[in-house]
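Novice: Next comes structure_33.cif, mmCIF, C-alpha atoms and all ligand atoms:
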data_data
loop_
_atom_site.label_atom_id
_atom_site.label_comp_id
_atom_site.auth_asym_id
_atom_site.auth_seq_id
_atom_site.Cartn_x
_atom_site.Cartn_y
_atom_site.Cartn_z
CA MET A 1 22.75 16.61 1.83
CA THR A 2 19.23 16.67 0.42
CA ALA A 3 16.25 15.38 2.37
CA LEU A 4 16.18 12.32 0.10
CA SER A 5 19.88 11.51 0.43
CA GLU A 6 19.51 11.82 4.20
CA ALA A 7 16.45 9.55 4.15
CA LEU A 8 18.24 6.98 1.96
CA ALA A 9 21.26 6.98 4.28
CA GLY A 10 18.90 6.34 7.20
CA ARG A 11 17.11 3.52 5.35
CA HIS A 12 20.43 1.88 4.41
CA ALA A 13 21.70 2.12 7.98
CA ARG A 14 18.50 0.50 9.29
CA LEU A 15 18.72 -2.18 6.60
CA ARG A 16 22.26 -3.02 7.72
CA GLU A 17 21.05 -3.31 11.32
CA ALA A 18 18.19 -5.56 10.22
CA MET A 19 20.61 -7.71 8.20
CA LYS A 20 22.84 -8.15 11.25
CA SER A 21 19.97 -9.06 13.54
CA HIS A 22 18.62 -11.58 11.00
CA GLY A 23 22.04 -13.09 10.32
CA LEU A 24 22.10 -12.01 6.66
CA GLY A 25 25.34 -11.18 4.84
CA ALA A 26 23.51 -9.46 2.00
CA VAL A 27 20.07 -8.58 0.69
CA ALA A 28 19.24 -8.88 -3.03
CA ILE A 29 16.26 -6.88 -4.24
CA ASN A 30 14.76 -6.99 -7.72
CA ALA A 31 12.28 -4.43 -9.09
CA SER A 32 9.88 -4.57 -6.13
CA PRO A 33 8.48 -1.59 -4.19
CA THR A 34 11.41 -2.09 -1.80
CA LEU A 35 13.84 -1.19 -4.59
CA GLY A 36 12.25 2.27 -4.92
CA TYR A 37 12.36 2.59 -1.14
CA LEU A 38 16.10 1.85 -0.99
CA THR A 39 17.22 3.76 -4.10
CA GLY A 40 14.77 6.64 -4.47
CA LEU A 41 14.60 5.63 -8.17
CA GLY A 42 11.67 4.14 -10.10
CA PHE A 43 11.94 0.63 -11.55
CA HIS A 44 9.30 -1.78 -12.83
CA LEU A 45 9.24 -5.51 -13.24
CA SER A 46 9.85 -6.19 -16.91
CA GLU A 47 11.48 -8.79 -19.13
CA ARG A 48 14.84 -7.18 -18.33
CA PRO A 49 16.16 -8.12 -14.87
CA VAL A 50 17.17 -5.41 -12.39
CA MET A 51 18.88 -6.17 -9.10
CA ALA A 52 20.37 -4.27 -6.18
CA VAL A 53 22.52 -5.98 -3.57
CA PHE A 54 23.19 -4.44 -0.18
CA THR A 55 25.79 -5.89 2.17
CA VAL A 56 26.45 -5.29 5.85
CA GLU A 57 29.46 -3.19 4.89
CA GLY A 58 30.46 -1.42 1.71
CA THR A 59 28.80 0.24 -1.24
CA PRO A 60 25.63 -1.32 -2.73
CA THR A 61 25.87 -2.93 -6.16
CA MET A 62 23.25 -2.72 -8.89
CA VAL A 63 22.77 -4.52 -12.20
CA VAL A 64 20.50 -2.78 -14.70
CA PRO A 65 19.97 -2.63 -18.46
CA GLU A 66 22.21 -0.02 -20.09
CA LEU A 67 19.13 1.91 -21.23
CA GLU A 68 18.20 2.54 -17.58
CA SER A 69 21.62 3.88 -16.65
CA LEU A 70 20.63 7.54 -17.23
CA LYS A 71 18.42 7.27 -14.15
CA PHE A 72 21.54 7.12 -12.03
CA LYS A 73 22.42 10.74 -12.80
CA LYS A 74 19.75 11.47 -10.18
CA ALA A 75 20.93 8.82 -7.70
CA GLN A 76 21.37 10.25 -4.22
CA PHE A 77 23.45 7.39 -2.83
CA ASP A 78 26.76 5.75 -3.76
CA VAL A 79 26.38 2.68 -5.94
CA ASN A 80 28.62 0.37 -7.95
CA LEU A 81 26.69 0.13 -11.20
CA TYR A 82 26.94 -2.72 -13.71
CA THR A 83 25.00 -2.63 -16.96
CA TYR A 84 24.17 -5.12 -19.69
CA THR A 85 23.20 -4.46 -23.29
CA GLU A 86 20.44 -5.77 -25.56
CA SER A 87 22.74 -8.70 -26.35
CA LEU A 88 21.52 -11.56 -24.14
CA ASP A 89 25.07 -12.84 -23.77
CA SER A 90 25.92 -9.75 -21.73
CA TRP A 91 23.30 -10.36 -19.03
CA GLN A 92 24.97 -13.17 -17.05
CA THR A 93 28.35 -11.50 -17.52
CA ALA A 94 27.06 -8.32 -15.86
CA PHE A 95 25.52 -10.28 -12.97
CA SER A 96 28.69 -12.33 -12.49
CA ASP A 97 30.99 -9.30 -12.63
CA ALA A 98 28.75 -7.49 -10.13
CA LEU A 99 27.90 -10.21 -7.67
CA SER A 100 30.57 -12.92 -7.59
CA TYR A 101 31.85 -11.29 -4.37
CA LEU A 102 28.79 -12.76 -2.64
CA ALA A 103 30.61 -16.13 -2.65
CA SER A 104 28.92 -18.26 0.05
CA SER A 105 26.99 -15.46 1.75
CA LYS A 106 23.54 -15.88 3.23
CA VAL A 107 21.44 -13.63 1.01
CA GLY A 108 17.96 -12.40 1.92
CA VAL A 109 15.48 -12.05 -0.96
CA GLU A 110 11.82 -11.10 -1.23
CA PRO A 111 9.90 -14.34 -1.94
CA ARG A 112 6.81 -12.50 -3.19
CA TRP A 113 8.81 -10.53 -5.78
CA LEU A 114 11.92 -12.44 -6.84
CA ARG A 115 11.27 -14.24 -10.10
CA VAL A 116 13.03 -17.26 -11.56
CA LEU A 117 14.41 -14.74 -14.12
CA GLU A 118 16.54 -12.92 -11.54
CA LEU A 119 17.09 -16.04 -9.44
CA ARG A 120 18.91 -17.80 -12.28
CA PHE A 121 21.28 -14.86 -12.86
CA LEU A 122 21.91 -14.55 -9.12
CA GLU A 123 22.65 -18.26 -8.84
CA GLY A 124 24.86 -18.01 -11.92
CA ALA A 125 26.88 -15.24 -10.23
CA ALA A 126 27.16 -16.81 -6.75
CA SER A 127 26.40 -20.52 -6.90
CA ARG A 128 27.55 -21.13 -3.32
CA ALA A 129 25.36 -18.39 -1.80
CA THR A 130 22.37 -19.50 0.29
CA LEU A 131 19.15 -17.68 -0.54
CA VAL A 132 16.67 -17.22 2.32
CA SER A 133 13.60 -15.10 2.90
CA GLY A 134 14.48 -11.55 3.90
CA GLU A 135 10.79 -10.70 4.15
CA GLU A 136 10.69 -10.19 7.90
CA ALA A 137 13.76 -7.94 7.98
CA ILE A 138 12.47 -5.84 5.09
CA ALA A 139 8.89 -5.61 6.35
CA HIS A 140 10.22 -4.41 9.70
CA LEU A 141 12.17 -1.69 7.93
CA ARG A 142 9.33 -0.50 5.72
CA MET A 143 6.74 -0.52 8.51
CA HIS A 144 8.33 2.57 10.08
CA LYS A 145 7.70 5.48 7.71
CA ASP A 146 10.11 8.43 7.69
CA VAL A 147 9.15 12.07 7.21
CA ILE A 148 9.47 11.94 3.42
CA GLU A 149 7.24 8.88 3.19
CA LEU A 150 4.59 10.42 5.44
CA ASP A 151 4.57 13.53 3.25
CA MET A 152 3.91 11.38 0.18
CA MET A 153 1.12 9.53 1.96
CA ARG A 154 -0.47 12.80 3.07
CA THR A 155 -0.43 13.99 -0.52
CA ALA A 156 -1.88 10.68 -1.80
CA THR A 157 -4.67 11.04 0.78
CA ARG A 158 -5.38 14.65 -0.14
CA ILE A 159 -5.59 13.82 -3.85
CA ALA A 160 -8.02 10.96 -3.16
CA GLN A 161 -10.25 13.06 -0.91
CA ASP A 162 -10.34 16.00 -3.36
CA ALA A 163 -11.17 13.60 -6.18
CA LEU A 164 -14.18 12.15 -4.36
CA ARG A 165 -15.37 15.64 -3.44
CA ALA A 166 -15.21 16.57 -7.12
CA THR A 167 -17.07 13.39 -8.08
CA LEU A 168 -20.03 13.58 -5.69
CA PRO A 169 -21.87 16.40 -7.56
CA GLU A 170 -21.84 14.19 -10.70
CA LEU A 171 -23.79 11.40 -9.03
CA LYS A 172 -27.39 11.57 -10.29
CA ALA A 173 -30.05 8.86 -10.29
CA GLY A 174 -29.28 6.39 -13.05
CA ILE A 175 -25.50 6.83 -13.16
CA THR A 176 -23.88 3.39 -13.11
CA GLU A 177 -21.17 2.17 -10.78
CA LEU A 178 -18.79 1.93 -13.74
CA GLU A 179 -19.54 5.48 -14.85
CA ALA A 180 -19.04 6.83 -11.33
CA ALA A 181 -15.77 4.89 -10.98
CA SER A 182 -14.56 6.32 -14.28
CA ILE A 183 -15.26 9.91 -13.15
CA LEU A 184 -13.52 9.25 -9.84
CA ILE A 185 -10.43 7.86 -11.61
CA GLN A 186 -10.31 10.82 -14.00
CA ASN A 187 -10.52 13.21 -11.06
CA MET A 188 -7.67 11.46 -9.26
CA LEU A 189 -5.43 11.64 -12.34
CA ARG A 190 -6.36 15.29 -12.95
CA LEU A 191 -5.52 16.13 -9.34
CA GLY A 192 -2.07 14.56 -9.52
CA SER A 193 -2.34 10.84 -8.81
CA GLY A 194 0.15 8.57 -10.54
CA GLY A 195 -1.47 6.37 -13.19
CA GLU A 196 -0.80 3.15 -11.30
CA LEU A 197 -3.64 3.33 -8.80
CA PRO A 198 -3.39 1.15 -5.71
CA PHE A 199 -6.46 -0.81 -6.91
CA GLN A 200 -9.47 -0.37 -9.16
CA PRO A 201 -11.86 1.82 -7.13
CA ILE A 202 -14.81 -0.01 -5.63
CA VAL A 203 -18.06 1.78 -6.36
CA ALA A 204 -20.99 -0.29 -5.09
CA PHE A 205 -24.64 0.79 -5.07
CA GLY A 206 -27.54 -0.80 -3.18
CA PRO A 207 -27.16 -4.53 -2.44
CA ASN A 208 -23.75 -4.56 -4.17
CA SER A 209 -22.36 -2.58 -1.22
CA ALA A 210 -22.80 -5.73 0.91
CA ASN A 211 -19.87 -7.31 -0.97
CA PRO A 212 -16.65 -6.04 0.67
CA HIS A 213 -14.63 -6.58 -2.52
CA ALA A 214 -17.28 -5.60 -5.08
CA GLU A 215 -16.19 -4.61 -8.58
CA PRO A 216 -18.05 -1.78 -10.30
CA THR A 217 -20.87 -2.97 -12.57
CA ASP A 218 -23.52 -1.37 -14.77
CA ARG A 219 -25.91 -1.22 -11.79
CA PRO A 220 -27.52 2.27 -11.80
CA LEU A 221 -27.86 4.44 -8.70
CA GLN A 222 -31.44 4.25 -7.35
CA GLU A 223 -33.53 5.81 -4.60
CA GLY A 224 -33.06 3.90 -1.33
CA ASP A 225 -29.47 2.85 -2.10
CA LEU A 226 -26.38 2.96 0.01
CA ALA A 227 -23.49 4.08 -2.20
CA LEU A 228 -20.07 2.84 -1.11
CA PHE A 229 -16.77 4.21 -2.47
CA ASP A 230 -13.46 2.51 -1.65
CA TRP A 231 -10.68 4.27 -3.55
CA GLY A 232 -7.13 5.49 -3.30
CA ALA A 233 -4.50 7.55 -5.09
CA ASN A 234 -0.79 7.10 -5.76
CA TYR A 235 1.76 9.81 -5.11
CA ASN A 236 5.36 8.92 -6.00
CA GLY A 237 4.56 5.25 -5.38
CA TYR A 238 2.87 5.85 -2.01
CA PHE A 239 -0.79 4.92 -1.70
CA SER A 240 -3.92 6.07 0.07
CA ASP A 241 -6.87 3.70 0.63
CA LEU A 242 -10.14 5.22 1.85
CA THR A 243 -13.79 4.23 2.08
CA ARG A 244 -16.84 6.43 2.53
CA THR A 245 -20.49 5.40 2.29
CA PHE A 246 -23.46 7.65 1.42
CA THR A 247 -27.22 7.35 1.19
CA PHE A 248 -29.33 8.15 -1.86
CA GLY A 249 -32.96 8.87 -1.05
CA ASP A 250 -34.76 7.22 1.86
CA VAL A 251 -32.78 4.25 3.11
CA ASP A 252 -34.00 1.27 5.18
CA PRO A 253 -33.69 2.34 8.87
CA GLU A 254 -31.60 -0.75 9.73
CA LEU A 255 -29.02 0.37 7.16
CA LEU A 256 -28.89 3.75 8.91
CA LYS A 257 -28.44 1.93 12.21
CA ILE A 258 -25.45 -0.07 10.95
CA ALA A 259 -24.03 3.14 9.51
CA GLY A 260 -23.96 4.66 12.99
CA LEU A 261 -22.32 1.53 14.41
CA VAL A 262 -19.62 1.44 11.75
CA GLU A 263 -18.84 5.11 12.32
CA ALA A 264 -18.53 4.46 16.06
CA ALA A 265 -16.35 1.38 15.44
CA ASN A 266 -14.07 3.40 13.16
CA GLY A 267 -13.75 6.03 15.91
CA ALA A 268 -12.99 3.37 18.52
CA GLY A 269 -10.30 1.84 16.29
CA ARG A 270 -8.61 5.18 15.73
CA ALA A 271 -8.86 6.03 19.45
CA ALA A 272 -7.24 2.69 20.36
CA SER A 273 -4.32 3.33 18.01
CA ALA A 274 -1.25 4.40 19.97
CA PRO A 275 2.39 3.46 20.46
CA GLY A 276 2.80 0.43 22.70
CA VAL A 277 -0.52 -1.25 21.93
CA GLU A 278 -0.61 -4.44 19.86
CA ALA A 279 -2.19 -4.52 16.41
CA GLY A 280 -4.67 -7.02 17.85
CA ASP A 281 -5.79 -4.48 20.48
CA ILE A 282 -6.84 -2.09 17.70
CA ASP A 283 -8.78 -4.86 15.98
CA ARG A 284 -10.55 -5.85 19.20
CA ALA A 285 -11.46 -2.26 20.13
CA THR A 286 -12.99 -1.73 16.69
CA ARG A 287 -14.78 -5.07 16.57
CA ALA A 288 -16.24 -4.76 20.08
CA VAL A 289 -18.49 -1.86 19.06
CA ILE A 290 -20.05 -3.94 16.30
CA ALA A 291 -20.16 -7.24 18.22
CA ASP A 292 -21.72 -5.62 21.31
CA ALA A 293 -24.56 -4.35 19.11
CA GLY A 294 -25.20 -7.88 17.81
CA TYR A 295 -23.68 -7.46 14.33
CA GLY A 296 -20.35 -9.25 14.92
CA GLU A 297 -20.99 -11.93 12.30
CA TYR A 298 -21.57 -9.26 9.64
CA PHE A 299 -18.07 -7.77 10.10
CA MET A 300 -16.23 -10.68 8.54
CA HIS A 301 -12.84 -9.16 7.72
CA ARG A 302 -9.87 -7.84 9.69
CA THR A 303 -9.96 -4.23 10.86
CA GLY A 304 -7.18 -3.08 8.54
CA HIS A 305 -3.74 -3.47 7.04
CA GLY A 306 -0.47 -1.60 6.78
CA LEU A 307 -0.26 0.86 3.90
CA GLY A 308 2.58 2.55 2.06
CA LEU A 309 4.37 1.43 -1.09
CA GLU A 310 1.96 -1.52 -1.17
CA VAL A 311 -1.74 -1.34 -0.52
CA HIS A 312 -1.59 -4.35 1.79
CA GLU A 313 1.58 -4.65 3.85
CA GLU A 314 2.61 -5.09 7.48
CA PRO A 315 1.29 -4.46 10.11
CA TYR A 316 -1.98 -6.33 9.60
CA ILE A 317 -4.64 -5.14 12.06
CA ARG A 318 -6.16 -8.43 13.09
CA ASP A 319 -6.96 -10.17 16.34
CA ASP A 320 -3.98 -12.55 16.35
CA ASN A 321 -1.28 -9.99 15.53
CA THR A 322 0.91 -9.20 18.55
CA GLN A 323 2.98 -6.60 16.63
CA VAL A 324 3.59 -3.69 19.00
CA MET A 325 2.68 -0.41 17.32
CA ALA A 326 5.31 2.33 17.13
CA PRO A 327 5.49 5.91 15.82
CA GLY A 328 5.61 6.10 12.02
CA MET A 329 3.56 2.95 11.39
CA THR A 330 0.78 3.59 8.87
CA PHE A 331 -2.29 1.42 8.42
CA THR A 332 -6.00 1.46 7.69
CA VAL A 333 -8.91 1.29 10.12
CA GLU A 334 -11.81 0.00 8.03
CA PRO A 335 -14.67 -1.65 9.91
CA GLY A 336 -17.76 -2.64 7.97
CA ILE A 337 -21.14 -4.31 8.39
CA TYR A 338 -22.52 -6.15 5.38
CA LEU A 339 -26.18 -7.32 5.19
CA ALA A 340 -26.43 -9.61 2.17
CA GLY A 341 -29.06 -8.62 -0.36
CA ARG A 342 -29.63 -5.25 1.31
CA GLY A 343 -26.47 -3.22 1.65
CA GLY A 344 -23.23 -2.64 3.48
CA VAL A 345 -21.36 0.18 5.13
CA ARG A 346 -17.59 0.51 5.49
CA ILE A 347 -15.68 3.57 6.70
CA GLU A 348 -11.94 3.45 6.08
CA ASP A 349 -9.26 5.87 7.23
CA ASP A 350 -5.49 5.93 6.87
CA VAL A 351 -3.81 6.33 10.23
CA VAL A 352 -0.26 6.98 11.42
CA ILE A 353 0.96 6.22 14.93
CA THR A 354 2.48 9.32 16.57
CA ALA A 355 4.57 9.81 19.72
CA ASP A 356 1.50 9.90 21.94
CA GLY A 357 -1.40 8.47 19.95
CA ALA A 358 -2.40 8.41 16.32
CA GLU A 359 -3.31 10.82 13.57
CA SER A 360 -5.73 10.15 10.75
CA LEU A 361 -4.24 11.28 7.44
CA SER A 362 -7.79 11.32 6.05
CA ASP A 363 -10.22 13.88 7.41
CA MET A 364 -13.26 13.75 5.10
CA PRO A 365 -16.44 13.61 7.17
CA ARG A 366 -17.16 10.01 8.06
CA ALA A 367 -20.89 10.15 8.80
CA VAL A 368 -23.09 8.30 6.32
CA VAL A 369 -25.03 11.21 4.86
CA PRO A 370 -27.01 11.84 1.67
CA ILE A 371 -25.00 12.37 -1.52
CA PRO A 372 -25.26 16.11 -2.13
CA ARG A 373 -27.85 16.71 -4.90
CA GLY A 374 -26.93 19.36 -7.44
N1 LIG A 401 -9.56 -1.55 -1.14
C1 LIG A 401 -9.01 -2.66 -0.53
C2 LIG A 401 -8.90 -2.49 0.92
O1 LIG A 401 -9.52 -1.62 1.49
O2 LIG A 401 -8.17 -3.17 1.55
MN MN A 402 -9.99 0.23 0.74
MN MN A 403 -7.97 -1.09 2.90
#
Can you dump the structure from the file as structure tokens?
Ligand code: GLY
Ligand code: MN
Ligand code: MN
Specialist:
Amino acid sequence: MTALSEALAGRHARLREAMKSHGLGAVAINASPTLGYLTGLGFHLSERPVMAVFTVEGTPTMVVPELESLKFKKAQFDVNLYTYTESLDSWQTAFSDALSYLASSKVGVEPRWLRVLELRFLEGAASRATLVSGEEAIAHLRMHKDVIELDMMRTATRIAQDALRATLPELKAGITELEAASILIQNMLRLGSGGELPFQPIVAFGPNSANPHAEPTDRPLQEGDLALFDWGANYNGYFSDLTRTFTFGDVDPELLKIAGLVEAANGAGRAASAPGVEAGDIDRATRAVIADAGYGEYFMHRTGHGLGLEVHEEPYIRDDNTQVMAPGMTFTVEPGIYLAGRGGVRIEDDVVITADGAESLSDMPRAVVPIPRG
């Protein structure tokens, strides 16, 4: 058994348990991140439908275009494979041959990913099946990362950190946010990131850093700016998502004050992260540092979000989430304070719950310090 085949067997066993506890007879997955998770193979949403169906007992079934069938030479799990050709007539036939056994089953699907394209073929194959959301069962499964997944996330974090380190010496007065973002992206790709980044890096200078979801512009770096970088890499489909903020020249003392508060809030959030606490506890511990200093209204977003095959997934680290944290859960801790028209600071780490606390996958210094000048 390879490490991957062992991991896939474990994921399939946990999926079957989740199906039983959610009363599902089957789960049908199209080319979503979950498909990679359950097959160890890479698929993308395209005009050609792809579907895998897992049942409580028995071998999974997959329907794929014939031209993708070579991928299955590397499959590390048993699968009943059905293929269709470029002839459109063959598509429904393949789905019907593969999936008519579903009969009147209750089938869980992913509402955020299943398209009418696959839905029609699924309905054509099993018209008496009832389709329901399998989101909760699947999110529960994916929230708990196994050793292989954590390795990928560590690598995605290392690539991102090394890429920012390589970018900082390039940042001179006058460089624009777009130019800096471009150098950062090139460094991530050079250092081994997959081309599908988790999101376009945020590079925000001066007042632009007060916008939590800023997009890079042609604003040049100037003396007195805060410079905020929110970026992440992709390693085998697993993402990192980090934020660090720097100063450039002499910065308004209140901006330095909020920098210290955000760093303390980030530390409090990581310290509060442990098995047995609720996601809401982590949010409150983080937020309290900022609120107690009188800046609560300037931290207007949740403390973080789960991270893995998607950049935003369960568990969401917000006040009203009673999800109990458990070893293997990965998420961000990313407090920020944003003073409109002046600047903002956010410090974001990627954290995994361990047996007795939490570990930050990211270890770049967090303090808001001057960009090193070459
Ligand atoms: N970069 C998006 C986020 O931090 O959630
Ligand atoms: Mn981020
Ligand atoms: Mn984030």
Novice: Please build the interface table for chain A against ligand LIG 401 (chain A) with a cut-off of 8 Å, listing for each qualifying residue the nearest atom pair and the distance in Å to one decimal; count all atoms listed in the file, order rows by chain and increasing number, and write it as JSON lines.
Specialist:
{"residue": "A:Phe199", "atom": "CA", "partner": "A:LIG401", "partner_atom": "N1", "distance": 6.6}
{"residue": "A:Pro201", "atom": "CA", "partner": "A:LIG401", "partner_atom": "N1", "distance": 7.2}
{"residue": "A:Ile202", "atom": "CA", "partner": "A:LIG401", "partner_atom": "N1", "distance": 7.1}
{"residue": "A:His213", "atom": "CA", "partner": "A:LIG401", "partner_atom": "C1", "distance": 7.1}
{"residue": "A:Asp230", "atom": "CA", "partner": "A:LIG401", "partner_atom": "N1", "distance": 5.7}
{"residue": "A:Trp231", "atom": "CA", "partner": "A:LIG401", "partner_atom": "N1", "distance": 6.4}
{"residue": "A:Gly232", "atom": "CA", "partner": "A:LIG401", "partner_atom": "N1", "distance": 7.8}
{"residue": "A:Asp241", "atom": "CA", "partner": "A:LIG401", "partner_atom": "O1", "distance": 6.0}
{"residue": "A:Leu242", "atom": "CA", "partner": "A:LIG401", "partner_atom": "O1", "distance": 6.9}
{"residue": "A:Thr243", "atom": "CA", "partner": "A:LIG401", "partner_atom": "O1", "distance": 7.3}
{"residue": "A:Gly304", "atom": "CA", "partner": "A:LIG401", "partner_atom": "O2", "distance": 7.1}
{"residue": "A:His305", "atom": "CA", "partner": "A:LIG401", "partner_atom": "O2", "distance": 7.1}
{"residue": "A:Val311", "atom": "CA", "partner": "A:LIG401", "partner_atom": "O2", "distance": 7.0}
{"residue": "A:His312", "atom": "CA", "partner": "A:LIG401", "partner_atom": "O2", "distance": 6.7}
{"residue": "A:Thr332", "atom": "CA", "partner": "A:LIG401", "partner_atom": "O1", "distance": 7.8}
{"residue": "A:Glu334", "atom": "CA", "partner": "A:LIG401", "partner_atom": "O1", "distance": 7.1}
{"residue": "A:Glu348", "atom": "CA", "partner": "A:LIG401", "partner_atom": "O1", "distance": 7.3}
Novice: Between CA of Leu307 (chain A) and CA of Gly192 (chain A), what is the distance in Å, rounded to a tenth?
Specialist: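 Pair CA of Leu307 (chain A) / CA of Gly192 (chain A) returns 19.3 Å.
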Novice: Could you list, as an MDAnalysis selection string, every residue within 12 Å of Pro365 (chain A), counting all atoms listed in the file and ignoring same-chain residues fewer than 6 positions away?
Specialist: chainID A and resid 161 164:165 242:246 263 267 347:349
Novice: Adding 6 Å on each side of the box along x, y and z that holds all listed atoms of region 344-357 of chain A, could you give its centre and edge lengths in Å to one decimal, as JSON?
Specialist:
{"center_x": -9.3, "center_y": 3.6, "center_z": 12.7, "size_x": 39.8, "size_y": 24.5, "size_z": 30.5}
Novice: What's the 6 Å shell around Leu228 (chain A), counting all atoms listed in the file, without same-chain residues fewer than 4 positions away, as a tab-separated table (two decimals) with C-alpha atoms, in the frame of the given file?
Specialist:
chain	number	residue	atom	x	y	z
A	203	VAL	CA	-18.06	1.78	-6.36
A	204	ALA	CA	-20.99	-0.29	-5.09
A	209	SER	CA	-22.36	-2.58	-1.22
A	245	THR	CA	-20.49	5.40	2.29
Novice: For Val324 (chain A), which residue out of A:Ser133, A:Ser273, A:Ser360, A:Ser240 is the nearest one, using only C-alpha atoms?
Specialist: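 Answer, going by the shortest atom-to-atom distance: A:Ser273.
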Novice: Pick out the closest residue to ligand MN 402 (chain A) from this set: A:Asp350, A:Asp89, A:Glu17, A:Glu359. Count only C-alpha atoms and all ligand atoms.
Specialist: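 Closest to ligand MN 402 (chain A) of all the choices is A:Asp350.
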Novice: For a quick check of understanding, using all atoms listed in the file, which of A:Asp225, A:Glu123, A:Asp281, A:Glu215 has the smallest distance to Ser105 (chain A)?
Specialist: A:Glu123
Novice: If I take CA of Tyr84 (chain A) and CA of Leu67 (chain A), how far is one from the other in Å, to one decimal?
Specialist: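 Computing the Euclidean distance for CA of Tyr84 (chain A) and CA of Leu67 (chain A) yields 8.8 Å.
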Novice: Name the closest residue to Pro220 (chain A) among the candidates A:Ile175, A:Ile317, A:Ala259, A:Leu141; distances are taken between atoms, counting only C-alpha atoms.
Specialist: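 Closest to Pro220 (chain A), using only C-alpha atoms: A:Ile175.
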Novice: So that I can check the surroundings of Tyr338 (chain A), please list as a PyMOL selection string every protein, DNA and RNA residue that reaches within 9 Å of it, counting only C-alpha atoms and ignoring chain neighbours fewer than 3 positions away.
Specialist: chain A and resi 209-212+258+298-300+342-346
Novice: Grab the CA of Ala279 (chain A) to CA of Glu310 (chain A) distance for me, in Å with one decimal place.
Specialist: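 Computed distance, CA of Ala279 (chain A) to CA of Glu310 (chain A), equals 18.3 Å.
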Novice: Model the absent atoms of region 27-38 of chain A so that N, CA, C and O atoms are present, and write the result as a short mmCIF file (atom, residue, chain, number, x, y, z; two decimals), in the coordinates of the input.
Specialist:
data_model
loop_
_atom_site.label_atom_id
_atom_site.label_comp_id
_atom_site.auth_asym_id
_atom_site.auth_seq_id
_atom_site.Cartn_x
_atom_site.Cartn_y
_atom_site.Cartn_z
N VAL A 27 21.47 -8.55 1.09
CA VAL A 27 20.07 -8.58 0.69
C VAL A 27 20.03 -8.26 -0.80
O VAL A 27 20.67 -7.29 -1.24
N ALA A 28 19.34 -9.08 -1.57
CA ALA A 28 19.24 -8.88 -3.03
C ALA A 28 17.79 -8.55 -3.37
O ALA A 28 16.89 -9.33 -3.08
N ILE A 29 17.61 -7.38 -3.98
CA ILE A 29 16.26 -6.88 -4.24
C ILE A 29 16.09 -6.69 -5.75
O ILE A 29 16.90 -6.00 -6.37
N ASN A 30 15.05 -7.27 -6.31
CA ASN A 30 14.76 -6.99 -7.72
C ASN A 30 13.74 -5.85 -7.77
O ASN A 30 13.56 -5.12 -6.78
N ALA A 31 13.08 -5.66 -8.92
CA ALA A 31 12.28 -4.43 -9.09
C ALA A 31 10.96 -4.49 -8.32
O ALA A 31 9.87 -4.44 -8.89
N SER A 32 11.05 -4.56 -7.01
CA SER A 32 9.88 -4.57 -6.13
C SER A 32 9.70 -3.16 -5.57
O SER A 32 10.57 -2.31 -5.75
N PRO A 33 8.60 -2.90 -4.83
CA PRO A 33 8.48 -1.59 -4.19
C PRO A 33 9.66 -1.28 -3.26
O PRO A 33 10.03 -0.12 -3.09
N THR A 34 10.27 -2.31 -2.69
CA THR A 34 11.41 -2.09 -1.80
C THR A 34 12.58 -1.46 -2.54
O THR A 34 13.37 -0.70 -1.96
N LEU A 35 12.72 -1.76 -3.83
CA LEU A 35 13.84 -1.19 -4.59
C LEU A 35 13.70 0.33 -4.67
O LEU A 35 14.68 1.07 -4.51
N GLY A 36 12.49 0.82 -4.91
CA GLY A 36 12.25 2.27 -4.92
C GLY A 36 12.54 2.86 -3.55
O GLY A 36 13.12 3.95 -3.43
N TYR A 37 12.15 2.14 -2.52
CA TYR A 37 12.36 2.59 -1.14
C TYR A 37 13.85 2.77 -0.83
O TYR A 37 14.25 3.72 -0.18
N LEU A 38 14.67 1.84 -1.33
CA LEU A 38 16.10 1.85 -0.99
C LEU A 38 16.95 2.69 -1.94
O LEU A 38 18.09 3.00 -1.63
#
